[in-house]
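my_file04.tsv follows (TSV, C-alpha atoms (C1' of nucleotides)):
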```tsv
chain	number	residue	atom	x	y	z
A	1	MET	CA	0.40	-11.60	28.72
A	2	PRO	CA	1.24	-10.43	25.23
A	3	LYS	CA	-0.07	-7.12	24.00
A	4	PRO	CA	-3.55	-7.41	22.55
A	5	ARG	CA	-3.65	-7.19	18.78
A	6	ILE	CA	-5.75	-4.38	17.44
A	7	LEU	CA	-5.49	-4.85	13.69
A	8	PRO	CA	-7.83	-7.87	13.47
A	9	ASN	CA	-10.50	-5.94	15.36
A	10	VAL	CA	-10.21	-3.00	13.03
A	11	ILE	CA	-10.52	-5.30	10.03
A	12	LEU	CA	-13.59	-6.91	11.60
A	13	GLY	CA	-15.09	-3.48	12.15
A	14	LEU	CA	-14.55	-2.57	8.51
A	15	LEU	CA	-15.97	-5.86	7.18
A	16	ASP	CA	-18.94	-5.56	9.52
A	17	ASN	CA	-19.89	-2.32	7.88
A	18	HIS	CA	-18.83	-3.07	4.30
A	19	PRO	CA	-19.01	-6.75	3.31
A	20	ASN	CA	-17.08	-8.10	0.34
A	21	MET	CA	-14.01	-5.96	0.81
A	22	SER	CA	-10.71	-7.07	-0.66
A	23	GLY	CA	-7.34	-6.68	1.05
A	24	ARG	CA	-6.74	-3.76	-1.22
A	25	ASP	CA	-10.03	-2.13	-0.20
A	26	ILE	CA	-9.03	-2.48	3.44
A	27	GLU	CA	-5.66	-0.94	2.73
A	28	ASN	CA	-7.40	1.99	1.06
A	29	GLU	CA	-9.66	2.51	4.08
A	30	PHE	CA	-6.52	2.78	6.18
A	31	GLN	CA	-5.21	5.51	3.95
A	32	THR	CA	-8.38	7.57	3.72
A	33	GLU	CA	-11.34	7.27	6.11
A	34	ILE	CA	-9.85	5.64	9.12
A	35	GLY	CA	-6.33	6.79	8.29
A	36	GLU	CA	-6.85	9.87	10.43
A	37	PHE	CA	-6.15	7.82	13.56
A	38	TRP	CA	-5.06	4.34	12.49
A	39	GLN	CA	-2.85	2.93	9.78
A	40	ALA	CA	-1.61	-0.39	8.50
A	41	SER	CA	0.38	-1.43	5.48
A	42	HIS	CA	-0.60	-4.17	3.06
A	43	SER	CA	2.23	-6.40	4.31
A	44	GLN	CA	0.41	-6.51	7.63
A	45	ILE	CA	-3.07	-6.79	6.20
A	46	TYR	CA	-2.69	-9.80	3.90
A	47	PRO	CA	-1.12	-12.16	6.46
A	48	GLU	CA	-3.64	-10.94	9.02
A	49	LEU	CA	-6.54	-11.79	6.72
A	50	LYS	CA	-5.19	-15.32	6.33
A	51	ARG	CA	-4.87	-15.74	10.09
A	52	MET	CA	-8.43	-14.49	10.53
A	53	LEU	CA	-9.62	-16.95	7.88
A	54	THR	CA	-8.13	-19.92	9.73
A	55	ASP	CA	-9.51	-18.54	12.99
A	56	GLY	CA	-12.94	-18.50	11.40
A	57	TRP	CA	-13.62	-14.83	12.02
A	58	ILE	CA	-13.99	-14.09	8.33
A	59	LYS	CA	-14.69	-16.12	5.21
A	60	ILE	CA	-14.23	-15.64	1.50
A	61	ALA	CA	-17.28	-14.05	-0.09
A	62	THR	CA	-17.68	-16.71	-2.78
A	63	GLU	CA	-20.56	-15.09	-4.62
A	64	TYR	CA	-18.17	-12.48	-5.89
A	65	VAL	CA	-15.35	-14.78	-7.04
A	66	ASP	CA	-16.43	-14.84	-10.71
A	67	GLU	CA	-16.32	-11.08	-11.10
A	68	ASP	CA	-12.55	-10.77	-11.01
A	69	ALA	CA	-10.50	-13.89	-10.51
A	70	LYS	CA	-7.53	-12.36	-8.74
A	71	VAL	CA	-9.45	-10.29	-6.20
A	72	ILE	CA	-10.23	-12.02	-2.91
A	73	ARG	CA	-13.23	-10.59	-1.13
A	74	TYR	CA	-14.01	-11.29	2.49
A	75	GLU	CA	-17.02	-11.10	4.75
A	76	ILE	CA	-17.40	-11.35	8.50
A	77	THR	CA	-18.68	-14.58	10.15
A	78	ALA	CA	-20.92	-14.91	13.20
A	79	ASP	CA	-17.81	-15.74	15.27
A	80	GLY	CA	-16.09	-12.67	13.92
A	81	HIS	CA	-19.07	-10.53	14.76
A	82	ASP	CA	-19.11	-11.85	18.33
A	83	HIS	CA	-15.43	-11.10	18.63
A	84	LEU	CA	-15.95	-7.56	17.37
A	85	LEU	CA	-18.69	-6.92	19.92
A	86	ASP	CA	-16.52	-8.36	22.70
A	87	TRP	CA	-13.76	-5.97	21.73
A	88	LEU	CA	-16.09	-2.97	21.59
A	89	HIS	CA	-17.44	-3.84	25.04
A	90	GLU	CA	-14.04	-4.34	26.64
A	91	PRO	CA	-13.64	-1.92	29.53
A	92	ILE	CA	-11.70	1.20	28.67
A	93	THR	CA	-8.83	2.12	30.95
A	94	ALA	CA	-6.18	4.82	31.03
A	95	GLU	CA	-3.85	2.39	29.23
A	96	ASN	CA	-6.05	1.59	26.25
A	97	ASP	CA	-7.88	4.92	26.09
A	98	ALA	CA	-6.24	5.68	22.75
A	99	LEU	CA	-8.54	3.04	21.26
A	100	SER	CA	-11.70	4.93	22.19
A	101	SER	CA	-11.83	6.95	18.97
A	102	LEU	CA	-11.21	3.82	16.95
A	103	LYS	CA	-14.06	1.99	18.66
A	104	LEU	CA	-16.42	4.91	18.24
A	105	TYR	CA	-15.70	4.79	14.53
A	106	PHE	CA	-17.33	1.37	14.34
A	107	ILE	CA	-20.48	2.29	16.25
A	108	HIS	CA	-23.06	3.58	13.83
A	109	ASP	CA	-26.13	3.91	16.00
A	110	ARG	CA	-26.53	7.18	17.83
A	111	HIS	CA	-28.44	5.45	20.63
A	112	SER	CA	-26.01	2.61	21.18
A	113	PRO	CA	-25.45	2.09	24.94
A	114	THR	CA	-21.84	1.14	24.17
A	115	LEU	CA	-21.26	4.53	22.58
A	116	ALA	CA	-22.60	6.37	25.63
A	117	LYS	CA	-20.55	4.15	27.91
A	118	ILE	CA	-17.32	4.87	26.07
A	119	LEU	CA	-17.97	8.60	26.30
A	120	ARG	CA	-18.79	8.42	30.01
A	121	THR	CA	-15.63	6.46	30.71
A	122	GLN	CA	-13.67	9.02	28.75
A	123	VAL	CA	-15.08	11.85	30.82
A	124	GLU	CA	-13.96	10.01	33.93
A	125	LEU	CA	-10.46	9.23	32.66
A	126	HIS	CA	-9.78	12.65	31.21
A	127	THR	CA	-11.14	14.49	34.24
A	128	LYS	CA	-8.64	12.55	36.32
A	129	LYS	CA	-5.87	13.24	33.86
A	130	LEU	CA	-6.72	16.92	33.86
A	131	SER	CA	-6.57	17.21	37.62
A	132	HIS	CA	-3.27	15.34	37.61
A	133	LEU	CA	-1.85	17.74	35.05
A	134	ARG	CA	-3.03	20.75	37.04
A	135	GLN	CA	-1.37	19.34	40.12
A	136	ARG	CA	1.89	18.94	38.19
A	137	GLN	CA	1.65	22.54	37.06
A	138	GLN	CA	1.20	23.68	40.65
A	139	GLN	CA	4.18	21.63	41.80
A	140	LEU	CA	6.54	22.62	39.03
A	141	PHE	CA	5.53	26.12	38.02
A	142	SER	CA	4.06	27.96	40.97
A	143	LYS	CA	6.80	30.60	40.70
A	144	ASP	CA	7.64	32.74	37.68
A	145	ALA	CA	11.32	31.89	38.00
A	146	GLN	CA	10.51	28.21	37.48
A	147	ILE	CA	8.66	29.06	34.29
A	148	ASP	CA	11.64	30.97	32.92
A	149	GLN	CA	14.00	28.13	33.72
A	150	GLN	CA	11.99	25.47	31.89
A	151	TYR	CA	9.94	27.45	29.44
A	152	GLY	CA	9.45	24.64	26.93
A	153	HIS	CA	8.28	22.26	29.61
A	154	PHE	CA	5.93	24.93	30.96
A	155	LEU	CA	4.47	25.42	27.49
A	156	ILE	CA	3.68	21.80	26.77
A	157	LEU	CA	2.24	21.26	30.22
A	158	THR	CA	0.03	24.30	29.71
A	159	ARG	CA	-0.93	22.95	26.30
A	160	ALA	CA	-1.75	19.52	27.72
A	161	ILE	CA	-4.02	21.09	30.34
A	162	GLU	CA	-5.91	23.15	27.82
A	163	ARG	CA	-6.22	20.14	25.52
A	164	GLU	CA	-7.76	18.09	28.29
A	165	GLU	CA	-10.05	20.93	29.34
A	166	ASN	CA	-11.32	21.18	25.81
A	167	ASN	CA	-11.63	17.41	25.57
A	168	VAL	CA	-13.66	17.01	28.76
A	169	ASP	CA	-15.83	19.94	27.77
A	170	TRP	CA	-16.54	18.39	24.37
A	171	LEU	CA	-17.28	14.98	25.89
A	172	GLN	CA	-19.80	16.46	28.29
A	173	ARG	CA	-21.50	18.52	25.62
A	174	THR	CA	-21.69	15.48	23.35
A	175	LEU	CA	-23.09	13.26	26.09
A	176	ALA	CA	-25.72	15.85	26.90
A	177	GLY	CA	-26.63	16.02	23.22
A	178	LEU	CA	-27.23	12.26	22.95
A	179	LYS	CA	-30.51	12.34	24.82
B	1	MET	CA	16.04	4.90	4.68
B	2	PRO	CA	15.43	3.40	8.12
B	3	LYS	CA	13.20	5.21	10.56
B	4	PRO	CA	15.12	7.81	12.57
B	5	ARG	CA	15.75	6.79	16.15
B	6	ILE	CA	14.35	9.17	18.70
B	7	LEU	CA	15.45	7.65	21.98
B	8	PRO	CA	19.11	8.76	21.74
B	9	ASN	CA	17.99	12.34	21.17
B	10	VAL	CA	15.74	12.26	24.18
B	11	ILE	CA	18.58	10.92	26.32
B	12	LEU	CA	20.86	13.66	25.00
B	13	GLY	CA	18.23	16.24	25.88
B	14	LEU	CA	17.98	14.93	29.41
B	15	LEU	CA	21.75	14.76	29.92
B	16	ASP	CA	22.12	18.24	28.46
B	17	ASN	CA	19.94	19.62	31.20
B	18	HIS	CA	20.98	17.32	34.08
B	19	PRO	CA	24.57	16.05	33.84
B	20	ASN	CA	25.67	12.98	35.79
B	21	MET	CA	22.48	11.02	35.36
B	22	SER	CA	22.53	7.25	35.69
B	23	GLY	CA	20.52	4.86	33.53
B	24	ARG	CA	18.13	4.55	36.42
B	25	ASP	CA	17.73	8.31	36.67
B	26	ILE	CA	16.88	8.43	32.98
B	27	GLU	CA	14.35	5.65	33.41
B	28	ASN	CA	12.74	7.61	36.24
B	29	GLU	CA	12.48	10.73	34.08
B	30	PHE	CA	10.61	8.63	31.57
B	31	GLN	CA	8.13	7.59	34.21
B	32	THR	CA	7.55	11.02	35.74
B	33	GLU	CA	8.43	14.32	34.05
B	34	ILE	CA	8.68	13.40	30.44
B	35	GLY	CA	6.48	10.34	30.81
B	36	GLU	CA	3.42	12.41	29.90
B	37	PHE	CA	4.33	12.12	26.23
B	38	TRP	CA	7.26	9.75	25.88
B	39	GLN	CA	8.28	6.49	27.48
B	40	ALA	CA	11.06	3.95	27.36
B	41	SER	CA	11.89	0.92	29.44
B	42	HIS	CA	15.27	0.22	31.04
B	43	SER	CA	15.91	-2.64	28.62
B	44	GLN	CA	15.98	-0.05	25.86
B	45	ILE	CA	17.87	2.57	27.80
B	46	TYR	CA	20.92	0.60	28.92
B	47	PRO	CA	21.88	-0.76	25.48
B	48	GLU	CA	21.21	2.68	24.02
B	49	LEU	CA	23.58	4.32	26.51
B	50	LYS	CA	26.31	1.89	25.47
B	51	ARG	CA	25.78	2.63	21.81
B	52	MET	CA	25.92	6.36	22.54
B	53	LEU	CA	29.14	5.86	24.48
B	54	THR	CA	30.84	4.14	21.54
B	55	ASP	CA	29.44	6.82	19.24
B	56	GLY	CA	31.07	9.45	21.44
B	57	TRP	CA	27.88	11.37	22.15
B	58	ILE	CA	28.14	10.80	25.88
B	59	LYS	CA	30.91	9.83	28.30
B	60	ILE	CA	31.11	8.43	31.77
B	61	ALA	CA	31.21	11.18	34.37
B	62	THR	CA	34.35	9.90	36.11
B	63	GLU	CA	34.38	12.41	38.92
B	64	TYR	CA	31.40	10.65	40.43
B	65	VAL	CA	32.63	7.07	40.16
B	66	ASP	CA	33.92	6.89	43.77
B	67	GLU	CA	30.59	7.83	45.31
B	68	ASP	CA	28.82	4.60	44.55
B	69	ALA	CA	30.68	1.91	42.66
B	70	LYS	CA	27.75	0.28	40.91
B	71	VAL	CA	26.13	3.41	39.58
B	72	ILE	CA	27.28	4.58	36.15
B	73	ARG	CA	26.76	8.28	35.58
B	74	TYR	CA	26.91	9.90	32.16
B	75	GLU	CA	27.42	13.34	30.76
B	76	ILE	CA	26.98	14.77	27.30
B	77	THR	CA	30.00	15.42	25.03
B	78	ALA	CA	30.50	18.28	22.57
B	79	ASP	CA	29.62	15.87	19.75
B	80	GLY	CA	26.49	14.84	21.57
B	81	HIS	CA	25.52	18.44	22.10
B	82	ASP	CA	25.96	19.17	18.40
B	83	HIS	CA	23.82	16.18	17.58
B	84	LEU	CA	21.09	17.36	19.94
B	85	LEU	CA	21.03	20.80	18.37
B	86	ASP	CA	20.91	19.28	14.89
B	87	TRP	CA	17.91	17.23	15.94
B	88	LEU	CA	16.12	20.20	17.50
B	89	HIS	CA	16.70	22.22	14.33
B	90	GLU	CA	15.51	19.50	11.95
B	91	PRO	CA	12.57	20.78	9.95
B	92	ILE	CA	9.19	19.73	11.30
B	93	THR	CA	6.81	18.13	8.84
B	94	ALA	CA	3.35	16.58	9.06
B	95	GLU	CA	5.03	13.20	9.48
B	96	ASN	CA	7.21	14.02	12.46
B	97	ASP	CA	4.96	16.63	14.04
B	98	ALA	CA	4.35	14.36	17.02
B	99	LEU	CA	7.92	15.15	18.06
B	100	SER	CA	7.25	18.86	18.47
B	101	SER	CA	6.16	18.60	22.12
B	102	LEU	CA	9.15	16.48	22.88
B	103	LYS	CA	11.51	18.98	21.31
B	104	LEU	CA	9.89	21.89	23.13
B	105	TYR	CA	10.51	20.06	26.39
B	106	PHE	CA	14.24	20.41	25.83
B	107	ILE	CA	14.19	24.12	25.02
B	108	HIS	CA	14.53	26.10	28.21
B	109	ASP	CA	14.94	29.64	26.96
B	110	ARG	CA	11.75	31.57	26.37
B	111	HIS	CA	13.45	33.61	23.66
B	112	SER	CA	14.98	30.74	21.74
B	113	PRO	CA	14.44	31.23	18.00
B	114	THR	CA	14.07	27.45	17.64
B	115	LEU	CA	11.13	27.47	20.02
B	116	ALA	CA	9.33	30.17	18.06
B	117	LYS	CA	10.07	28.37	14.83
B	118	ILE	CA	8.59	25.11	16.06
B	119	LEU	CA	5.43	26.92	17.15
B	120	ARG	CA	5.12	28.74	13.83
B	121	THR	CA	5.53	25.51	11.90
B	122	GLN	CA	2.90	23.90	14.08
B	123	VAL	CA	0.46	26.71	13.33
B	124	GLU	CA	1.02	26.08	9.66
B	125	LEU	CA	0.64	22.29	9.84
B	126	HIS	CA	-2.38	22.29	12.09
B	127	THR	CA	-4.15	25.01	10.15
B	128	LYS	CA	-3.80	22.82	7.09
B	129	LYS	CA	-4.95	19.77	8.97
B	130	LEU	CA	-7.94	21.67	10.31
B	131	SER	CA	-9.05	22.77	6.86
B	132	HIS	CA	-8.61	19.22	5.59
B	133	LEU	CA	-10.79	17.88	8.40
B	134	ARG	CA	-13.46	20.50	7.74
B	135	GLN	CA	-13.47	19.50	4.11
B	136	ARG	CA	-13.94	15.85	5.08
B	137	GLN	CA	-16.85	16.83	7.28
B	138	GLN	CA	-18.46	18.68	4.40
B	139	GLN	CA	-17.99	15.73	2.08
B	140	LEU	CA	-19.20	13.05	4.44
B	141	PHE	CA	-21.75	14.73	6.67
B	142	SER	CA	-23.47	17.53	4.82
B	143	LYS	CA	-26.84	15.79	5.32
B	144	ASP	CA	-28.44	14.74	8.58
B	145	ALA	CA	-29.13	11.25	7.23
B	146	GLN	CA	-25.40	10.71	6.76
B	147	ILE	CA	-24.79	11.65	10.37
B	148	ASP	CA	-27.35	9.13	11.60
B	149	GLN	CA	-25.86	6.37	9.49
B	150	GLN	CA	-22.30	6.83	10.77
B	151	TYR	CA	-22.78	8.52	14.08
B	152	GLY	CA	-19.54	7.32	15.66
B	153	HIS	CA	-17.53	8.48	12.70
B	154	PHE	CA	-19.33	11.81	12.78
B	155	LEU	CA	-18.47	12.21	16.46
B	156	ILE	CA	-14.77	11.59	16.16
B	157	LEU	CA	-14.47	13.78	13.10
B	158	THR	CA	-16.25	16.56	14.98
B	159	ARG	CA	-13.95	15.95	17.93
B	160	ALA	CA	-10.86	16.08	15.73
B	161	ILE	CA	-11.96	19.41	14.27
B	162	GLU	CA	-12.57	20.97	17.65
B	163	ARG	CA	-9.26	19.63	18.92
B	164	GLU	CA	-7.41	21.23	16.03
B	165	GLU	CA	-9.31	24.50	16.43
B	166	ASN	CA	-8.30	24.63	20.06
B	167	ASN	CA	-4.75	23.66	19.18
B	168	VAL	CA	-4.30	26.36	16.54
B	169	ASP	CA	-5.88	28.91	18.84
B	170	TRP	CA	-3.50	28.02	21.65
B	171	LEU	CA	-0.49	28.10	19.35
B	172	GLN	CA	-1.35	31.58	18.11
B	173	ARG	CA	-1.99	32.93	21.60
B	174	THR	CA	1.29	31.44	22.78
B	175	LEU	CA	3.22	32.86	19.85
B	176	ALA	CA	1.73	36.29	20.48
B	177	GLY	CA	2.71	36.02	24.14
B	178	LEU	CA	6.36	35.30	23.34
B	179	LYS	CA	7.16	38.86	22.29
C	1	DT	C1'	15.85	-13.31	57.08
C	2	DC	C1'	12.84	-11.88	53.90
C	3	DG	C1'	10.74	-8.83	51.00
C	4	DT	C1'	11.34	-4.52	48.54
C	5	DG	C1'	13.81	-1.16	45.95
C	6	DC	C1'	18.12	0.19	43.50
C	7	DA	C1'	20.94	-0.59	39.45
C	8	DT	C1'	22.31	-2.98	35.69
C	9	DG	C1'	22.09	-6.20	32.16
C	10	DT	C1'	20.46	-10.07	28.39
C	11	DA	C1'	17.04	-13.00	25.83
C	12	DA	C1'	12.74	-14.00	23.61
C	13	DT	C1'	8.99	-12.45	21.37
C	14	DG	C1'	5.97	-9.79	18.59
C	15	DA	C1'	4.50	-6.05	15.82
C	16	DG	C1'	5.33	-2.88	12.17
C	17	DT	C1'	8.07	-0.85	8.33
C	18	DT	C1'	10.74	-1.21	4.18
C	19	DA	C1'	12.11	-3.60	0.58
C	20	DC	C1'	11.67	-7.18	-2.71
C	21	DA	C1'	8.75	-9.59	-5.97
C	22	DT	C1'	5.14	-11.01	-9.46
C	23	DG	C1'	1.37	-10.82	-12.77
C	24	DA	C1'	-2.54	-8.39	-14.67
C	25	DT	C1'	-4.80	-4.36	-16.23
C	26	DT	C1'	-5.23	0.40	-17.68
C	27	DA	C1'	-3.85	4.80	-19.26
C	28	DT	C1'	-0.48	7.80	-22.14
D	1	DA	C1'	5.40	0.51	-25.88
D	2	DT	C1'	5.79	1.64	-21.46
D	3	DA	C1'	4.67	3.60	-17.32
D	4	DA	C1'	1.45	3.52	-13.59
D	5	DT	C1'	-1.96	1.27	-10.85
D	6	DC	C1'	-4.27	-2.83	-9.09
D	7	DA	C1'	-3.78	-6.85	-6.21
D	8	DT	C1'	-1.39	-9.99	-3.75
D	9	DG	C1'	2.34	-11.94	-1.43
D	10	DT	C1'	7.17	-12.83	1.19
D	11	DA	C1'	11.62	-11.49	3.45
D	12	DA	C1'	14.64	-8.68	6.18
D	13	DC	C1'	15.10	-5.61	9.59
D	14	DT	C1'	14.15	-2.57	13.45
D	15	DC	C1'	11.84	-1.33	17.66
D	16	DA	C1'	9.69	-2.08	21.82
D	17	DT	C1'	7.80	-5.00	25.38
D	18	DT	C1'	8.04	-8.83	28.56
D	19	DA	C1'	10.44	-11.86	30.86
D	20	DC	C1'	14.54	-13.55	32.86
D	21	DA	C1'	18.59	-12.66	35.67
D	22	DT	C1'	22.12	-10.89	39.07
D	23	DG	C1'	23.99	-8.42	43.05
D	24	DC	C1'	23.66	-4.97	46.60
D	25	DA	C1'	21.38	-2.28	50.26
D	26	DC	C1'	17.95	-1.43	53.63
D	27	DG	C1'	14.12	-1.79	56.59
D	28	DA	C1'	10.52	-4.86	59.16
```
Could you show the structure in this file as C-alpha cells?
Amino acid sequence: MPKPRILPNVILGLLDNHPNMSGRDIENEFQTEIGEFWQASHSQIYPELKRMLTDGWIKIATEYVDEDAKVIRYEITADGHDHLLDWLHEPITAENDALSSLKLYFIHDRHSPTLAKILRTQVELHTKKLSHLRQRQQQLFSKDAQIDQQYGHFLILTRAIEREENNVDWLQRTLAGLK
Amino acid sequence: MPKPRILPNVILGLLDNHPNMSGRDIENEFQTEIGEFWQASHSQIYPELKRMLTDGWIKIATEYVDEDAKVIRYEITADGHDHLLDWLHEPITAENDALSSLKLYFIHDRHSPTLAKILRTQVELHTKKLSHLRQRQQQLFSKDAQIDQQYGHFLILTRAIEREENNVDWLQRTLAGLK
DNA sequence: TCGTGCATGTAATGAGTTACATGATTAT
DNA sequence: ATAATCATGTAACTCATTACATGCACGA
C-alpha cells in the first residue's frame, strides 16, 4: 500500500473553511496560518488542485470568474466534504500521530466529538510513549557513569521525557476543560 | 543548492562511537537507540555506505573480515572524522534546528563546548519562536468569540506555546546544570 | 524441511524541492 | 522604465519507501 497522501486533505480542510480560494491563497495559508506545522510549495499545489478537480472533490467557483480572469477560485464539493470527514475520522495511531495537530486545525467546533476523540487517543499514545521513554532511561542511564559516557544521548532522552510529560499533562487539562 | 544530506553524517556519528559496525548493525541502531528521532531503511543505508567508501569517509575494517565472510564491517577514516566534526560545528539556524537533537546524540562529553553552543543557540531560536507564537495568539485570539470560531486552531496554538515554554525552560535549566 | 532471521543488494514508485518559465499588474 | 509581486504552470532532480531478490544459518 502506498503512503496516504495528506496534501489533498489539507486543501479540502482549507476550502471547507474558506470557499473561493485560489491556488495562490492556498499557498499563502501554507506560509502563514498553517505553516507552523505543515508546508507545501506552489509546484505541488497546482497539480494537486487539478487532480482534485478531476476526482470531483473540488470544483471551480464560477460565480467569481468575472472578477479577475486569470485567478482560478475553487470550492469544495459534497464528495470532497465526505472525503474530508472520512480523513478526520480515520483512527489515529502511533504512526500517523503527527497528523493530529493538523486535523485539530480543521475542527472549529469546541464540542465536536471528533475533537475529543483525537485528544483522548493522544493521551493514550503519549502516555505509552512516555512510559517507554522512562523505561529506556532506566535501562541506559541507571548509573552516573553511563550518563557521563553518553551525555548527549542522556540529555535528549531526558528532554524527550519531559516533553511527553508536559504533552500528556496539557492534553489532560484540555480534555477536562472541554466539558 | 541541493538539500544537505544528513544520513552520511548520522552514519559517521555512529561509526565514530562504535567502530566495526556492519550495515545491519547500523540499521538496528536506527530502529532502537537513535530510532526515537531518526530513521533510515537498509535500502538507503547500503548504497550510502558504498558512496561513503568511495568518498574516503569510511573504510572496511579488514581485521574483522575472517570472522564472518558475508558481513562487511566499516570504520571511520580521518577524513570522515573531520567531516563529522564540520557537520557538528555547522551553525544551527531556525531551518535546521530539527537536527539539534541528532547532533547532541553524537556528543559524549559533558564539557564539550559544541554541546553548550548548540544548547545556547536553541535557547535563542526557541525564545524567538515562543514570542512569535504569543504574538500570533494575541492577533488571532484576543476575543472569546474568535476562540469559539476556530477552536481547533486555538488549541494547537496554545499547545505550541506551552511546548516552547517548556522547551526553553528545560534548555536553560540544562545549561545552568552544565557548569 | 520449512519457516524465520541475518546480511546484503537492486528496482520501481512516489512525494517534495528547486529551478525554469510566462504574462499581468502594481509600485518606485 | 523597471523592479517586484501576483498567479499559474512545467521540468529536473533528489530522497525515501516499498517491493523484489538472493544466499546463508539455525531452530522446530
Inset, instruction - Using atom CA of A:Gln149 and atom CA of B:His42 as the two end points, give the distance in Å to one decimal. - result: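 Value for the atom CA of A:Gln149-atom CA of B:His42 distance: 28.1 Å.
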Inset, instruction - Would you list the residues near (-16.1, -2.1, 4.0), meaning any protein, DNA or RNA residue with an atom at most 12 Å from that point in file coordinates, counting only C-alpha atoms (C1' of nucleotides), as an NGL selection string? - result: :A and (10-30 or 33-34 or 73-76 or 106)
Inset, instruction - Find the residues in chain C near chain B: any atom within 10 Å counts, using all atoms listed in the file. Write them as a PyMOL selection string. - result: chain C and resi 6-10+17-18
Taking only residues of chain D that have an atom at most 9 Å from an atom of chain B, what is each one's shortest atom pair and its distance in Å to one decimal, using only C-alpha atoms (C1' of nucleotides), in chain and number order, as JSON lines?
```
{"residue": "D:DT14", "atom": "C1'", "partner": "B:Pro2", "partner_atom": "CA", "distance": 8.1}
{"residue": "D:DA16", "atom": "C1'", "partner": "B:Gln44", "partner_atom": "CA", "distance": 7.7}
{"residue": "D:DT17", "atom": "C1'", "partner": "B:Ser41", "partner_atom": "CA", "distance": 8.3}
{"residue": "D:DC24", "atom": "C1'", "partner": "B:Lys70", "partner_atom": "CA", "distance": 8.8}
```
Please produce a file of the residues just selected, as a PDB file, in the frame of the given file, where the atoms kept are C-alpha atoms (C1' of nucleotides).
```pdb
ATOM      1  C1'  DT D  14      14.150  -2.570  13.450  1.00  0.00           C
ATOM      2  C1'  DA D  16       9.690  -2.080  21.820  1.00  0.00           C
ATOM      3  C1'  DT D  17       7.800  -5.000  25.380  1.00  0.00           C
ATOM      4  C1'  DC D  24      23.660  -4.970  46.600  1.00  0.00           C
TER       5       DC D  24
END
```
Legend entry - Pick from B:Tyr105, B:Phe154, B:Trp57, B:Trp38 nearest to chain A, counting all atoms listed in the file: B:Tyr105
Inset, instruction - Please return, as number ranges by chain, all residues of chain B lying within 10 Å of chain A when all atoms listed in the file are considered. - result: B: 17, 33-34, 36-37, 100-112, 115, 133, 136, 140, 147-160, 162-164, 166-167, 170-171, 174
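Atom to atom, atom C1' of C:DG23 and atom C1' of D:DT8 stand 9.5 Å apart.
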Inset, instruction - Give me, please, the distance in Å between atom CA of B:Ala94 and atom CA of B:Leu125, quoted to one decimal. - result: 6.4 Å
Legend entry - Polymer residues at most 10 Å from (15.7, -16.1, 33.8) by only C-alpha atoms (C1' of nucleotides), as a VMD selection string: (chain C and resid 10 to 11) or (chain D and resid 19 to 22)
Legend entry - Contacts of D:DT5 at 10 Å (all atoms listed in the file; same-chain gap of 4+ positions) as a PyMOL selection string: chain C and resi 25-27
Could you work out an axis-aligned box for stretch 7-23 of chain D, taking every atom the file lists and adding 6 Å on each side, and report centre and edge lengths in Å to one decimal, as JSON?
```
{"center_x": 10.1, "center_y": -7.4, "center_z": 18.4, "size_x": 39.8, "size_y": 24.2, "size_z": 61.3}
```
